[in-house]
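Colleague: This is the content of upload31.cif (mmCIF, C-alpha atoms):
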data_final
loop_
_atom_site.label_atom_id
_atom_site.label_comp_id
_atom_site.auth_asym_id
_atom_site.auth_seq_id
_atom_site.Cartn_x
_atom_site.Cartn_y
_atom_site.Cartn_z
CA MET A 4 48.98 6.64 0.84
CA HIS A 5 47.38 6.51 -2.56
CA PRO A 6 44.88 3.75 -3.24
CA ILE A 7 46.13 1.00 -5.51
CA THR A 8 44.96 1.41 -9.09
CA THR A 9 45.27 -0.59 -12.28
CA ALA A 10 48.32 1.48 -13.21
CA HIS A 11 50.20 0.09 -10.19
CA TYR A 12 49.57 -3.45 -11.38
CA LEU A 13 50.63 -2.56 -14.92
CA ALA A 14 53.86 -0.99 -13.64
CA LEU A 15 54.61 -4.11 -11.57
CA SER A 16 53.87 -6.27 -14.60
CA LEU A 17 56.25 -4.14 -16.71
CA ALA A 18 59.02 -4.55 -14.12
CA LEU A 19 58.51 -8.32 -14.01
CA LEU A 20 58.55 -8.50 -17.82
CA LEU A 21 61.85 -6.60 -17.98
CA ILE A 22 63.46 -8.78 -15.28
CA GLY A 23 62.38 -11.88 -17.20
CA THR A 24 63.77 -10.45 -20.44
CA VAL A 25 67.14 -9.78 -18.82
CA GLY A 26 67.16 -13.35 -17.54
CA VAL A 27 66.43 -14.82 -20.98
CA LEU A 28 69.05 -12.69 -22.70
CA THR A 29 71.95 -12.93 -20.26
CA ARG A 30 71.88 -16.29 -18.47
CA ARG A 31 73.76 -19.29 -19.86
CA ASN A 32 71.96 -22.06 -17.98
CA VAL A 33 69.01 -23.32 -20.04
CA VAL A 34 66.98 -24.28 -16.93
CA ILE A 35 67.12 -20.70 -15.67
CA ILE A 36 66.24 -19.35 -19.12
CA LEU A 37 63.07 -21.48 -18.98
CA MET A 38 62.33 -20.09 -15.50
CA SER A 39 62.71 -16.55 -16.87
CA ILE A 40 60.14 -17.39 -19.54
CA GLU A 41 57.76 -18.38 -16.75
CA LEU A 42 58.37 -14.96 -15.17
CA ILE A 43 57.46 -13.24 -18.44
CA LEU A 44 54.25 -15.26 -18.75
CA ASN A 45 53.34 -14.35 -15.17
CA ALA A 46 53.81 -10.68 -16.02
CA VAL A 47 51.28 -11.14 -18.84
CA ASN A 48 48.86 -12.76 -16.40
CA ILE A 49 49.13 -9.89 -13.89
CA ASN A 50 48.22 -7.54 -16.74
CA LEU A 51 45.21 -9.59 -17.78
CA ILE A 52 43.91 -9.93 -14.24
CA ALA A 53 44.35 -6.20 -13.59
CA PHE A 54 42.17 -5.34 -16.57
CA SER A 55 39.70 -8.08 -15.68
CA HIS A 56 39.34 -6.49 -12.25
CA MET A 57 39.12 -2.98 -13.68
CA TRP A 58 36.25 -3.82 -16.02
CA GLN A 59 34.63 -6.37 -13.69
CA HIS A 60 34.58 -8.84 -16.54
CA ALA A 61 35.66 -12.49 -16.48
CA THR A 62 37.18 -12.58 -19.98
CA GLY A 63 40.60 -11.48 -18.72
CA GLN A 64 40.62 -14.41 -16.31
CA VAL A 65 39.69 -16.84 -19.08
CA PHE A 66 42.60 -15.53 -21.13
CA ALA A 67 44.88 -15.91 -18.11
CA ILE A 68 43.81 -19.57 -17.92
CA PHE A 69 44.81 -20.02 -21.56
CA VAL A 70 48.17 -18.35 -20.87
CA ILE A 71 48.74 -20.74 -17.94
CA THR A 72 47.86 -23.69 -20.21
CA ASP A 73 50.44 -22.52 -22.73
CA ALA A 74 53.01 -22.05 -19.98
CA VAL A 75 52.49 -25.61 -18.80
CA ALA A 76 52.78 -27.03 -22.33
CA GLU A 77 55.89 -24.94 -22.96
CA ALA A 78 57.56 -25.99 -19.72
CA ALA A 79 56.84 -29.69 -20.32
CA VAL A 80 58.12 -29.71 -23.90
CA GLY A 81 61.04 -27.40 -23.08
CA LEU A 82 62.25 -29.56 -20.22
CA GLY A 83 61.84 -32.67 -22.40
CA ILE A 84 64.03 -31.04 -25.05
CA LEU A 85 66.50 -30.12 -22.31
CA ILE A 86 66.79 -33.74 -21.18
CA ALA A 87 67.31 -34.91 -24.76
CA LEU A 88 69.92 -32.20 -25.24
CA PHE A 89 71.77 -33.11 -22.06
CA ARG A 90 71.83 -36.74 -23.14
CA ASN A 91 73.43 -35.83 -26.47
CA LYS A 92 75.69 -32.88 -25.65
CA GLU A 93 76.40 -33.27 -21.91
CA THR A 94 75.88 -29.55 -21.35
CA VAL A 95 73.12 -27.18 -20.28
CA GLN A 96 74.90 -23.96 -21.23
CA ALA A 97 73.03 -22.16 -23.98
CA ASP A 98 76.12 -20.77 -25.72
CA GLU A 99 77.80 -24.18 -25.97
CA ILE A 100 74.91 -25.50 -28.07
CA ASP A 101 76.17 -24.11 -31.35
CA LEU A 102 75.81 -26.92 -33.89
CA LEU A 103 74.00 -24.62 -36.30
CA LYS A 104 76.55 -21.82 -36.02
CA TRP A 105 78.78 -21.17 -39.03
CA MET B 9 41.49 0.36 1.50
CA LEU B 10 44.66 0.76 3.52
CA ILE B 11 45.05 -2.96 4.07
CA ASP B 12 44.76 -3.46 0.30
CA THR B 13 47.55 -0.98 -0.28
CA VAL B 14 49.83 -2.60 2.29
CA LEU B 15 49.14 -6.09 0.94
CA PHE B 16 49.79 -4.93 -2.63
CA TYR B 17 53.21 -3.60 -1.68
CA ILE B 18 54.08 -6.74 0.29
CA PHE B 19 53.17 -8.97 -2.66
CA ALA B 20 54.88 -6.66 -5.16
CA VAL B 21 58.11 -6.79 -3.16
CA MET B 22 57.82 -10.60 -2.99
CA VAL B 23 57.34 -10.79 -6.76
CA LEU B 24 60.22 -8.49 -7.65
CA ILE B 25 62.75 -9.80 -5.10
CA GLY B 26 61.93 -13.37 -6.07
CA ALA B 27 62.31 -12.56 -9.75
CA ILE B 28 65.64 -10.79 -9.29
CA LEU B 29 67.00 -13.65 -7.18
CA THR B 30 65.76 -16.14 -9.80
CA ILE B 31 67.86 -14.64 -12.54
CA THR B 32 70.96 -13.96 -10.45
CA ARG B 33 71.50 -17.09 -8.34
CA ARG B 34 74.31 -19.45 -9.28
CA SER B 35 72.62 -22.68 -8.22
CA ALA B 36 69.54 -23.71 -10.19
CA VAL B 37 67.85 -25.06 -7.04
CA HIS B 38 68.14 -21.66 -5.37
CA SER B 39 66.70 -20.10 -8.51
CA ALA B 40 63.76 -22.49 -8.36
CA ILE B 41 63.06 -21.61 -4.72
CA SER B 42 63.19 -17.89 -5.53
CA LEU B 43 60.82 -18.54 -8.42
CA ILE B 44 58.38 -20.15 -5.96
CA VAL B 45 58.47 -16.96 -3.84
CA SER B 46 57.81 -14.86 -6.92
CA LEU B 47 54.91 -17.07 -8.06
CA LEU B 48 53.40 -16.99 -4.56
CA GLY B 49 53.48 -13.21 -4.73
CA VAL B 50 51.66 -13.31 -8.06
CA ALA B 51 49.08 -15.65 -6.51
CA GLY B 52 48.55 -13.13 -3.71
CA LEU B 53 47.99 -10.40 -6.29
CA TYR B 54 45.31 -12.56 -7.93
CA LEU B 55 43.59 -12.88 -4.57
CA LEU B 56 43.73 -9.11 -4.05
CA GLN B 57 41.91 -8.66 -7.35
CA GLN B 58 39.13 -11.09 -6.55
CA ALA B 59 40.32 -13.74 -8.97
CA GLU B 60 40.02 -16.57 -6.47
CA PHE B 61 39.85 -19.36 -9.04
CA LEU B 62 43.09 -18.22 -10.65
CA PHE B 63 44.67 -17.97 -7.21
CA ALA B 64 43.97 -21.67 -6.68
CA VAL B 65 45.10 -22.52 -10.21
CA GLN B 66 48.33 -20.58 -9.70
CA ILE B 67 49.14 -22.44 -6.47
CA VAL B 68 48.20 -25.89 -7.77
CA LEU B 69 49.60 -25.64 -11.29
CA TYR B 70 52.63 -23.40 -10.96
CA ILE B 71 53.88 -24.14 -7.49
CA GLY B 72 52.63 -27.72 -7.37
CA GLY B 73 53.12 -28.72 -10.99
CA ILE B 74 55.64 -26.70 -12.91
CA MET B 75 58.03 -26.26 -9.99
CA VAL B 76 58.09 -30.00 -9.30
CA LEU B 77 58.81 -30.52 -13.01
CA PHE B 78 61.68 -28.03 -12.81
CA LEU B 79 63.10 -29.65 -9.69
CA PHE B 80 62.88 -33.11 -11.29
CA VAL B 81 64.83 -31.90 -14.30
CA ILE B 82 67.37 -30.16 -12.08
CA MET B 83 67.92 -33.50 -10.35
CA LEU B 84 68.00 -35.41 -13.65
CA VAL B 85 70.56 -33.30 -15.45
CA ASN B 86 73.79 -32.81 -13.61
CA LEU B 87 74.05 -29.12 -12.85
CA ASP B 88 77.05 -29.26 -10.48
CA GLN B 89 79.41 -28.63 -13.37
CA ALA B 90 77.24 -25.81 -14.69
CA ALA B 91 77.19 -24.09 -11.30
CA LYS B 92 80.97 -23.82 -11.31
CA GLU B 93 81.17 -22.16 -14.72
CA ARG B 94 80.54 -18.62 -15.85
CA GLN B 95 76.86 -17.82 -15.29
CA PHE B 96 76.22 -14.94 -17.66
CA SER B 97 76.79 -14.84 -21.39
CA GLY B 98 77.99 -11.62 -22.95
CA GLY B 99 74.52 -10.48 -23.91
CA TRP B 100 74.45 -7.45 -21.61
CA MET B 101 74.45 -4.91 -24.42
CA VAL B 102 71.58 -6.61 -26.22
CA ALA B 103 69.69 -6.98 -22.94
CA LEU B 104 70.18 -3.30 -22.07
CA ILE B 105 68.98 -2.17 -25.48
CA ALA B 106 65.99 -4.52 -25.35
CA ILE B 107 64.81 -3.55 -21.88
CA GLY B 108 65.54 0.12 -22.57
CA ALA B 109 63.38 0.08 -25.68
CA ALA B 110 60.60 -2.03 -24.18
CA GLY B 111 60.64 -0.18 -20.87
CA ALA B 112 60.61 3.25 -22.49
CA GLY B 113 57.84 2.31 -24.90
CA ILE B 114 55.52 0.62 -22.43
CA GLY B 115 56.40 3.13 -19.70
CA ALA B 116 55.49 6.02 -21.97
CA LEU B 117 52.17 4.39 -22.85
CA LEU B 118 51.48 3.76 -19.16
CA TRP B 119 52.35 7.38 -18.32
CA ARG B 120 50.07 8.78 -21.00
CA GLY B 121 47.23 6.43 -20.14
CA PHE B 122 47.55 6.97 -16.40
CA GLY B 123 44.51 9.25 -16.26
CA SER B 124 42.20 6.60 -17.67
CA LEU B 125 43.59 3.93 -15.37
CA HIS B 126 43.56 5.54 -11.97
CA ILE B 127 39.87 5.14 -11.21
CA PRO B 128 39.09 1.61 -10.11
CA ALA B 129 35.79 0.62 -11.64
CA PRO B 130 32.92 0.30 -9.18
CA VAL B 131 31.23 -3.03 -8.85
CA LEU B 132 28.67 -3.14 -11.62
CA GLU B 133 25.06 -3.47 -10.67
CA GLY B 134 24.46 -5.91 -13.49
CA THR B 135 26.43 -8.77 -11.99
CA PRO B 136 23.99 -11.36 -10.69
CA ALA B 137 24.07 -11.72 -6.95
CA GLY B 138 25.40 -14.98 -5.60
CA LEU B 139 27.44 -15.74 -8.72
CA GLY B 140 30.98 -16.38 -7.53
CA ASN B 141 34.22 -15.90 -9.36
CA THR B 142 34.53 -19.55 -10.37
CA GLU B 143 31.00 -19.60 -11.80
CA GLN B 144 31.68 -16.45 -13.81
CA VAL B 145 34.88 -17.89 -15.26
CA ALA B 146 33.19 -21.18 -16.01
CA ASP B 147 30.24 -19.48 -17.72
CA SER B 148 32.59 -17.54 -19.95
CA LEU B 149 34.87 -20.50 -20.58
CA PHE B 150 32.15 -22.98 -21.50
CA SER B 151 30.01 -20.65 -23.60
CA THR B 152 31.89 -17.90 -25.39
CA TYR B 153 35.31 -19.51 -25.34
CA LEU B 154 34.36 -23.15 -25.82
CA LEU B 155 36.32 -23.61 -29.07
CA PRO B 156 39.58 -22.14 -27.69
CA PHE B 157 39.07 -24.32 -24.62
CA GLU B 158 38.90 -27.48 -26.75
CA ILE B 159 41.90 -26.35 -28.79
CA ALA B 160 43.81 -25.85 -25.53
CA SER B 161 43.03 -29.43 -24.55
CA ILE B 162 44.41 -30.66 -27.88
CA LEU B 163 47.50 -28.51 -27.26
CA LEU B 164 48.00 -30.20 -23.91
CA LEU B 165 47.63 -33.64 -25.48
CA VAL B 166 50.25 -32.76 -28.11
CA ALA B 167 52.54 -31.39 -25.40
CA VAL B 168 52.25 -34.58 -23.36
CA VAL B 169 53.06 -36.79 -26.36
CA GLY B 170 55.86 -34.45 -27.45
CA SER B 171 57.54 -34.29 -24.07
CA VAL B 172 57.40 -38.07 -23.66
CA ILE B 173 58.98 -38.53 -27.08
CA MET B 174 61.63 -35.91 -26.34
CA ALA B 175 62.62 -37.48 -23.05
CA LYS B 176 62.59 -41.09 -24.33
CA LYS B 177 65.95 -42.74 -24.77
CA ARG B 178 65.09 -44.53 -27.99
CA ILE B 179 62.05 -43.75 -30.08
#
Show me this structure written as structure tokens.
Modeller:
Amino acid sequence: MHPITTAHYLALSLALLLIGTVGVLTRRNVVIILMSIELILNAVNINLIAFSHMWQHATGQVFAIFVITDAVAEAAVGLGILIALFRNKETVQADEIDLLKW
Amino acid sequence: MLIDTVLFYIFAVMVLIGAILTITRRSAVHSAISLIVSLLGVAGLYLLQQAEFLFAVQIVLYIGGIMVLFLFVIMLVNLDQAAKERQFSGGWMVALIAIGAAGAGIGALLWRGFGSLHIPAPVLEGTPAGLGNTEQVADSLFSTYLLPFEIASILLLVAVVGSVIMAKKRI
């Protein structure tokens, strides 16, 4: 068995990023699209922590904290928008929210 | 070394299975539970890489905070109707092109850079003894990155005000 290297973590992060991207692009339910965005942000964090560990430097972890802060702000505002949207349109399907479409 | 390898694969499988279930389940509650599994796997990976502070932050903030927020919203908006409808929009072609391009690009970079990545760095002699992970992060956060830290707190304040205004019935 090979020892685990930074490349393993980067490959896992890439896979998680691609799964999250598929979720954002193909799901209709807005709640699950927001969850997919959380997956993408977690992929970023795995990357940052892997490099932080590789260089034995805390800066990567500080950046990961900032990414988590942004994820929290995004989730709070996004879910607030979702509640406002559900109150007005009675739907959570992304392709039925087409007021701006020609 | 062997136990590290085994734990990495266990957590990696948790992360990937949880992620795939998150984007394929019909019910949003099942998706949320799968997302918890995935985030727990990510937390385990943090622990494997000696980022203990972020491990705690991941558990408290993601699994304790964001997931409760998600579950609250799932209860607030009525998703029974949504669970009966078609789950996927027709974006498969776009998704395939996007992940093909991104996967090929990043994969090629990873493949070419593999040689420089496959030696884990030894523990540097310069790190002061007795300085734990949390102290290191705090030192960096409160000295070099003090301004971004304050800006992040303003961002959180704006997000709190914004989400309250968004969710209010009448402004």
Colleague: Smallest atom-to-atom distance to B:Phe63: which of B:Leu139, B:Ala51, B:Val23, B:Ile28, using all atoms listed in the file?
Modeller: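 Smallest distance to B:Phe63 is found for B:Ala51.
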Colleague: Quick check on the file I pasted: which residues fall under the PyMOL selection byres ((chain A) within 6 of (chain B))? Write them as a list in words.
Modeller: Ile7, Thr8, Thr9, Ala10, Leu21, Val25, Gly26, Leu28, Thr29, Arg30, Arg31, His56, Met57, Ala61, Ala76, Ala79, Val80, Gly83, Ile84, Ile86 and Ala87 of chain A
Colleague: Which of these, B:Met22, B:Ile159, B:Leu55, B:Leu154, has the shortest distance to A:Ala53 once you count all atoms listed in the file?
Modeller: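 Selected residue with least distance to A:Ala53: B:Leu55.
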Colleague: May I ask for the distance between atom CA of B:Ile67 and atom CA of A:Asn50, given in Å to one decimal place?
Modeller: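 Result for atom CA of B:Ile67 versus atom CA of A:Asn50: 18.1 Å, one decimal.
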Colleague: Rounded to one decimal in Å, what is the spacing between atom CA of A:Leu19 and atom CA of A:Asn45?
Modeller: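 Separating atom CA of A:Leu19 from atom CA of A:Asn45 is a distance of 8.0 Å.
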Colleague: Give me, please, the distance in Å between atom CA of B:Gly52 and atom CA of B:Ala64, quoted to one decimal.
Modeller: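 Atom-to-atom, atom CA of B:Gly52 to atom CA of B:Ala64, that is 10.1 Å.
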Colleague: Determine, counting only C-alpha atoms, which protein, DNA and RNA residues have an atom within 7 Å of an atom of A:Gln64; residues of the same chain fewer than 3 positions away are not included. Present the result as a PyMOL selection string.
Modeller: (chain A and resi 51-52+55+61+67-68) or (chain B and resi 145)
